[in-house]
Every structure is written in C-alpha cells, then in structure tokens.
>>> print(open('start05.cif').read())   # mmCIF, C-alpha atoms
data_target
#
loop_
_atom_site.label_atom_id
_atom_site.label_comp_id
_atom_site.auth_asym_id
_atom_site.auth_seq_id
_atom_site.Cartn_x
_atom_site.Cartn_y
_atom_site.Cartn_z
CA MET G 5 -15.68 -36.77 -24.55
CA THR G 6 -18.89 -35.59 -26.20
CA THR G 7 -19.55 -31.86 -26.37
CA ALA G 8 -23.16 -30.88 -25.78
CA THR G 9 -24.78 -28.73 -28.44
CA PRO G 10 -27.30 -25.99 -27.60
CA SER G 11 -30.14 -28.16 -28.89
CA THR G 12 -29.28 -30.84 -26.30
CA ILE G 13 -29.11 -28.53 -23.31
CA LEU G 14 -31.85 -25.99 -24.03
CA PRO G 15 -35.56 -26.82 -23.99
CA PRO G 16 -37.50 -26.04 -27.17
CA GLY G 17 -39.42 -22.79 -27.38
CA ARG G 18 -42.95 -22.80 -26.03
CA LEU G 19 -44.55 -20.78 -28.84
CA PRO G 20 -43.78 -22.52 -32.13
CA GLY G 21 -46.08 -21.41 -34.92
CA ARG G 22 -47.22 -18.30 -33.08
CA ARG G 23 -46.96 -14.91 -34.82
CA ILE G 24 -46.38 -11.71 -32.87
CA GLY G 25 -46.71 -8.31 -34.52
CA ILE G 26 -44.85 -5.22 -33.34
CA LEU G 27 -45.96 -1.80 -34.60
CA MET G 28 -43.14 0.44 -35.79
CA GLU G 29 -42.43 4.06 -36.65
CA SER G 30 -39.60 6.55 -36.22
CA ASP G 31 -38.18 7.32 -32.78
CA PHE G 32 -38.68 3.79 -31.50
CA VAL G 33 -36.56 2.59 -28.57
CA GLU G 34 -33.88 0.35 -30.06
CA ASP G 35 -33.20 -1.72 -26.95
CA GLU G 36 -36.90 -2.45 -26.52
CA ILE G 37 -37.48 -3.68 -30.08
CA ALA G 38 -34.30 -5.77 -30.02
CA TYR G 39 -35.39 -7.35 -26.73
CA TYR G 40 -38.80 -8.33 -28.08
CA GLN G 41 -37.31 -9.75 -31.26
CA HIS G 42 -34.84 -11.94 -29.40
CA ARG G 43 -37.12 -12.96 -26.52
CA PHE G 44 -40.07 -14.08 -28.65
CA LEU G 45 -37.78 -15.79 -31.16
CA GLU G 46 -36.24 -17.67 -28.24
CA GLU G 47 -39.70 -19.10 -27.56
CA GLY G 48 -40.08 -20.17 -31.20
CA ALA G 49 -42.51 -17.41 -32.23
CA GLU G 50 -42.36 -15.49 -35.49
CA VAL G 51 -41.90 -11.74 -34.99
CA VAL G 52 -43.33 -9.42 -37.66
CA LEU G 53 -42.68 -5.67 -37.75
CA LEU G 54 -45.70 -3.70 -38.98
CA THR G 55 -46.22 -0.10 -40.04
CA ARG G 56 -48.19 2.06 -42.44
CA LEU G 57 -46.24 1.84 -45.69
CA TRP G 58 -48.14 4.56 -47.57
CA GLY G 59 -48.15 2.47 -50.75
CA ARG G 60 -44.41 1.77 -50.67
CA PRO G 61 -42.76 -1.67 -50.58
CA SER G 62 -40.85 -0.79 -47.41
CA LEU G 63 -39.92 2.06 -45.08
CA THR G 64 -36.80 2.56 -42.98
CA PHE G 65 -37.09 4.13 -39.54
CA ARG G 66 -34.47 5.49 -37.15
CA GLY G 67 -34.43 4.77 -33.45
CA HIS G 68 -34.54 7.41 -30.73
CA ASP G 69 -31.37 6.74 -28.76
CA TYR G 70 -28.77 5.53 -31.25
CA ARG G 71 -30.38 6.50 -34.58
CA ALA G 72 -30.19 2.83 -35.55
CA GLU G 73 -32.10 1.93 -38.70
CA VAL G 74 -34.81 -0.72 -39.06
CA THR G 75 -36.53 -1.46 -42.37
CA VAL G 76 -40.15 -2.62 -42.28
CA HIS G 77 -41.77 -4.50 -45.18
CA ASN G 78 -45.19 -5.37 -43.71
CA ASP G 79 -48.12 -3.00 -44.15
CA LEU G 80 -50.58 -2.82 -41.25
CA GLU G 81 -53.27 -1.60 -43.66
CA SER G 82 -53.28 -5.06 -45.28
CA LEU G 83 -54.42 -6.77 -42.09
CA ASP G 84 -58.11 -7.49 -42.49
CA TYR G 85 -59.81 -9.80 -39.98
CA GLY G 86 -58.59 -12.87 -41.85
CA GLU G 87 -54.95 -11.79 -41.76
CA LEU G 88 -55.19 -10.42 -38.24
CA SER G 89 -56.58 -13.70 -36.93
CA GLN G 90 -53.26 -15.34 -37.86
CA TYR G 91 -51.53 -13.28 -35.16
CA SER G 92 -51.35 -14.29 -31.53
CA ALA G 93 -50.29 -10.89 -30.15
CA LEU G 94 -49.86 -7.26 -31.19
CA ILE G 95 -47.46 -4.98 -29.34
CA VAL G 96 -47.47 -1.18 -29.42
CA PRO G 97 -44.02 -0.21 -28.09
CA SER G 98 -42.64 2.85 -26.35
CA GLY G 99 -41.11 5.97 -27.84
CA MET G 100 -42.98 7.99 -30.44
CA VAL G 101 -44.39 5.01 -32.34
CA ALA G 102 -47.98 5.38 -31.15
CA ASP G 103 -48.06 9.15 -31.60
CA ARG G 104 -46.79 8.92 -35.17
CA LEU G 105 -49.11 6.07 -36.12
CA ARG G 106 -52.23 7.90 -34.93
CA TYR G 107 -51.72 10.57 -37.58
CA SER G 108 -54.41 10.80 -40.25
CA GLU G 109 -54.10 13.07 -43.25
CA ASP G 110 -57.90 13.24 -43.33
CA VAL G 111 -59.14 14.48 -39.95
CA THR G 112 -62.60 13.06 -40.66
CA GLN G 113 -61.11 9.54 -40.78
CA GLN G 114 -59.31 7.54 -38.14
CA ALA G 115 -55.72 6.53 -38.72
CA PRO G 116 -55.28 3.01 -40.16
CA ALA G 117 -53.37 1.94 -37.05
CA VAL G 118 -56.34 2.93 -34.87
CA ASP G 119 -58.67 0.93 -37.12
CA LEU G 120 -56.29 -2.03 -36.81
CA LEU G 121 -56.40 -1.91 -33.03
CA ARG G 122 -60.19 -1.61 -33.06
CA ARG G 123 -60.30 -4.87 -35.04
CA ALA G 124 -57.77 -6.43 -32.70
CA PHE G 125 -59.94 -5.69 -29.66
CA ARG G 126 -62.76 -7.65 -31.30
CA LEU G 127 -60.57 -10.77 -31.37
CA PRO G 128 -60.35 -12.14 -27.81
CA HIS G 129 -57.66 -14.71 -28.68
CA LEU G 130 -55.33 -11.89 -29.77
CA ILE G 131 -53.22 -10.41 -26.97
CA LYS G 132 -52.97 -6.61 -27.13
CA ALA G 133 -49.89 -5.20 -25.36
CA PHE G 134 -48.94 -1.55 -24.85
CA SER G 135 -45.69 -0.23 -23.41
CA CYS G 136 -45.27 3.19 -21.81
CA HIS G 137 -46.70 5.79 -24.26
CA GLY G 138 -48.19 3.10 -26.50
CA LEU G 139 -51.72 3.73 -25.22
CA LEU G 140 -51.71 7.08 -27.03
CA LEU G 141 -52.81 5.10 -30.07
CA MET G 142 -56.06 4.24 -28.31
CA SER G 143 -57.06 7.83 -27.51
CA ALA G 144 -59.36 7.79 -30.56
CA ALA G 145 -60.84 4.39 -29.68
CA ARG G 146 -62.41 5.02 -26.29
CA ASP G 147 -65.03 2.32 -26.82
CA SER G 148 -62.27 -0.30 -26.82
CA MET G 149 -60.71 0.97 -23.58
CA ARG G 150 -63.78 1.66 -21.46
CA ASP G 151 -63.56 0.01 -18.00
CA ARG G 152 -60.34 -1.83 -18.86
CA ARG G 153 -57.65 -1.91 -16.17
CA VAL G 154 -54.37 -0.43 -17.44
CA THR G 155 -51.13 1.19 -16.47
CA ALA G 156 -49.15 3.68 -18.54
CA HIS G 157 -46.43 6.31 -18.32
CA ASN G 158 -47.21 8.90 -15.64
CA ASN G 159 -47.66 11.52 -18.38
CA LEU G 160 -50.61 9.53 -19.75
CA VAL G 161 -52.63 9.04 -16.57
CA GLY G 162 -55.10 11.77 -17.53
CA ASP G 163 -55.31 10.44 -21.08
CA VAL G 164 -56.17 6.88 -20.07
CA ARG G 165 -58.80 8.11 -17.62
CA ASN G 166 -60.32 10.25 -20.39
CA MET G 167 -60.49 7.07 -22.50
CA GLY G 168 -62.68 5.54 -19.81
CA ALA G 169 -59.96 3.10 -18.74
CA VAL G 170 -59.23 2.36 -15.08
CA TYR G 171 -55.71 3.55 -14.30
CA THR G 172 -53.86 1.18 -11.97
CA ASN G 173 -50.68 2.37 -10.28
CA GLN G 174 -48.52 -0.67 -11.05
CA ASP G 175 -45.55 -1.43 -13.30
CA LEU G 176 -47.52 -4.11 -15.17
CA VAL G 177 -51.24 -4.76 -15.49
CA VAL G 178 -52.85 -7.77 -17.14
CA ASP G 179 -56.58 -7.48 -17.81
CA GLY G 180 -57.62 -10.52 -19.80
CA ASP G 181 -56.31 -10.08 -23.34
CA LEU G 182 -54.87 -6.62 -22.54
CA VAL G 183 -51.32 -6.17 -21.20
CA THR G 184 -49.90 -2.76 -20.28
CA SER G 185 -46.61 -1.67 -18.72
CA ARG G 186 -45.66 1.64 -17.15
CA THR G 187 -42.37 2.42 -18.93
CA VAL G 188 -39.90 0.92 -21.40
CA ASP G 189 -37.90 -0.34 -18.41
CA GLU G 190 -40.63 -2.94 -17.84
CA ARG G 191 -40.27 -4.43 -21.33
CA HIS G 192 -39.15 -7.73 -19.83
CA LEU G 193 -42.30 -7.86 -17.69
CA LEU G 194 -44.50 -7.11 -20.69
CA ALA G 195 -42.82 -9.78 -22.82
CA ARG G 196 -43.06 -12.33 -20.01
CA ALA G 197 -46.77 -11.61 -19.52
CA VAL G 198 -47.49 -12.00 -23.24
CA ILE G 199 -45.56 -15.29 -23.35
CA GLU G 200 -47.29 -16.71 -20.28
CA LEU G 201 -50.74 -15.76 -21.59
CA LEU G 202 -50.05 -17.46 -24.91
CA VAL G 203 -48.63 -20.55 -23.22
CA ALA G 204 -51.69 -20.76 -20.98
CA ALA G 205 -54.00 -20.40 -23.98
CA LYS G 206 -52.10 -23.15 -25.79
CA GLN G 207 -52.49 -25.50 -22.83
CA ASP G 208 -56.19 -24.77 -22.32
CA PRO G 209 -58.28 -26.67 -24.87
CA ALA G 210 -61.21 -24.33 -24.23
CA VAL G 211 -59.28 -21.36 -25.60
CA ALA G 212 -59.67 -20.97 -29.38
CA ARG G 213 -56.61 -20.26 -31.48
#
>>> encode(input="start05.cif", output="structure tokens")
Amino acid sequence: MTTATPSTILPPGRLPGRRIGILMESDFVEDEIAYYQHRFLEEGAEVVLLTRLWGRPSLTFRGHDYRAEVTVHNDLESLDYGELSQYSALIVPSGMVADRLRYSEDVTQQAPAVDLLRRAFRLPHLIKAFSCHGLLLMSAARDSMRDRRVTAHNNLVGDVRNMGAVYTNQDLVVDGDLVTSRTVDERHLLARAVIELLVAAKQDPAVAR
C-alpha cells in the first residue's frame, strides 16, 4: 500500500515567485501576522516583513496580545521604485503599526513609511492592502486616497472621509489595486482578496508584472 505524500494530494501554490511585503512595528496583532505569513506561503509567495530600521541591521518588536517577539531585518527606507517594483503586494496590518510608522522626527518631513506608500500608489500592478487601523498611515497622503472606495475600523470613518476617500460600510472593499478591511477579524477576507487579485493579474496577459 502506497502512502500519499502532501505533494501528491495538494495542488501547488498559485503565486510562485510573487513577493508580498508586510509593514511591521510594535503592538502588532500576532494572530494576524501569523495568518498572513502562513496563508501567502501556502500559495507559494515570499513574505517579507518591512519596517523602518533607523540605521540598525534589525529590530525586534513585541505583539499586542501575547507580547510575542518578531525580528525584522528589512528596511522600508531602502525600497526605491526599482526595489518596490519587485513586490506584488504591500499590506499595512492592524494594531498600532500604522500609527507608529507615521511618526517623523522632523515635522517638516513626511515619515519614510508614508513616502513608501506614496510610491506604491504610483505602481498600479502593486496591490495595496490595509486592515482595520492601517489607513492611519495614509492620513498624510490625501492625494493618494482621494475618491477611492474604502472601509476601515469604525473609529476611522471621519479620518478616511477627511482624506477624501469614499467610506463604504462593508467588511471588505476592493477598489482596483486597493484592498481594505474593517477589522482584524476580516484578515482572511483581506488575504483572500489579495490572492485572487494577484491570480487574476497572472492569468491576464494584458496586466503587467
């Protein structure tokens, strides 16, 4: 009797060679980050954690619920257009990640994470996904959000309207290359939407990589 191995009973992932970046900072939601890492890896994608390293080789952050530690080695400030174009999606997760990353020590300059997202919105092949409070990072980039359909945590409804975005009272909203979800509880919906968009782009020869 032959025993089937996982490779013989499971289909291959649908996103081989794709790179998905997840922005990180302290007070992230552990279950959310773990879900993204496992779900995208299951589809064959490479998952890269990104943060502002402040000139250091790595930084270690603690999660919000369990104080679990995650060490990040990839500096978001190094992502010029050339590097950024190698990514298929960027995700800004829930928790305090967005609020911490929008800090700038020089109030006359935008935070590097905001500059990164501005560049990302100029790349239509790159999926931009925001969970729950993630859209806080875009409060200083209103030009990128104007007239875009989004959802967000109920606490952010006024904020997204002040950005010029069109708040939509749904758990998940997909507006072209922009994916938003209401709370961290919809992380599975956000991940599924990102995957399906990337699969569709892969299958459509008119969509540039």
>>> residues_near_point(input="start05.cif", point="(-38.9, 5.3, -39.5)", cutoff="9 Å", atoms="all atoms listed in the file", output="list in words")
Met28, Glu29, Ser30, Asp31, Phe32, Leu63, Thr64, Phe65, Arg66, Gly67, Glu73, Val74, Thr75 and Val76 of chain G
>>> write_last_selection(input="start05.cif", atoms="C-alpha atoms", output="PDB file, keeping the file's coordinate frame")
ATOM      1  CA  MET G  28     -43.140   0.440 -35.790  1.00  0.00           C
ATOM      2  CA  GLU G  29     -42.430   4.060 -36.650  1.00  0.00           C
ATOM      3  CA  SER G  30     -39.600   6.550 -36.220  1.00  0.00           C
ATOM      4  CA  ASP G  31     -38.180   7.320 -32.780  1.00  0.00           C
ATOM      5  CA  PHE G  32     -38.680   3.790 -31.500  1.00  0.00           C
ATOM      6  CA  LEU G  63     -39.920   2.060 -45.080  1.00  0.00           C
ATOM      7  CA  THR G  64     -36.800   2.560 -42.980  1.00  0.00           C
ATOM      8  CA  PHE G  65     -37.090   4.130 -39.540  1.00  0.00           C
ATOM      9  CA  ARG G  66     -34.470   5.490 -37.150  1.00  0.00           C
ATOM     10  CA  GLY G  67     -34.430   4.770 -33.450  1.00  0.00           C
ATOM     11  CA  GLU G  73     -32.100   1.930 -38.700  1.00  0.00           C
ATOM     12  CA  VAL G  74     -34.810  -0.720 -39.060  1.00  0.00           C
ATOM     13  CA  THR G  75     -36.530  -1.460 -42.370  1.00  0.00           C
ATOM     14  CA  VAL G  76     -40.150  -2.620 -42.280  1.00  0.00           C
TER      15      VAL G  76
END
>>> axis_aligned_box(input="start05.cif", around="region 63-78 of chain G", padding_each_side="5 Å", output="lines of an AutoDock Vina configuration file")
center_x = -37.0
center_y = 1.0
center_z = -37.0
size_x = 26.4
size_y = 22.8
size_z = 26.4
>>> resolve_selection(input="start05.cif", expression="the PyMOL selection byres ((chain G and resi 196-211) around 8)", output="list of chain:residue names")
G:Arg18, G:Leu19, G:Phe44, G:Ser92, G:Ala93, G:His129, G:Ile131, G:Ala133, G:Val178, G:Val183, G:His192, G:Leu193, G:Leu194, G:Ala195, G:Ala212, G:Arg213
>>> closest_atom_pairs(input="start05.cif", of="region 94-212 of chain G", to="region 36-40 of chain G", cutoff="9 Å", atoms="all atoms listed in the file", output="Markdown table")
| residue | atom | partner | partner_atom | distance |
| --- | --- | --- | --- | --- |
| G:Pro97 | CA | G:Glu36 | CA | 7.6 |
| G:Ser98 | CA | G:Glu36 | CA | 7.8 |
| G:Val188 | CA | G:Glu36 | CA | 6.8 |
| G:Asp189 | CA | G:Glu36 | CA | 8.4 |
| G:Arg191 | CA | G:Glu36 | CA | 6.5 |
| G:His192 | CA | G:Tyr39 | CA | 7.9 |
| G:Ala195 | CA | G:Tyr40 | CA | 6.8 |
>>> resolve_selection(input="start05.cif", expression="the PyMOL selection byres ((chain G and resi 141-151) around 7)", output="list of chain:residue names")
G:Ala102, G:Asp103, G:Arg106, G:Val118, G:Arg122, G:Phe125, G:Gly138, G:Leu139, G:Leu140, G:Arg152, G:Arg153, G:Met167, G:Gly168, G:Ala169, G:Val170
>>> residues_around(input="start05.cif", residues="Asp181 (chain G)", least_positions_apart="3", cutoff="7 Å", atoms="all atoms listed in the file", output="CSV table (one decimal) with C-alpha atoms, in the frame of the given file")
chain,number,residue,atom,x,y,z
G,128,PRO,CA,-60.4,-12.1,-27.8
G,130,LEU,CA,-55.3,-11.9,-29.8
G,131,ILE,CA,-53.2,-10.4,-27.0
G,132,LYS,CA,-53.0,-6.6,-27.1
>>> residues_near_point(input="start05.cif", point="(-49.9, 2.4, -46.2)", cutoff="10 Å", atoms="all atoms listed in the file", output="list in words")
Thr55, Arg56, Leu57, Trp58, Gly59, Arg60, Pro61, Ser62, Asn78, Asp79, Leu80, Glu81, Ser82, Pro116 and Ala117 of chain G
>>> atom_distance(input="start05.cif", atom1="CA of Asn159 (chain G)", atom2="CA of Ile95 (chain G)")
19.8 Å
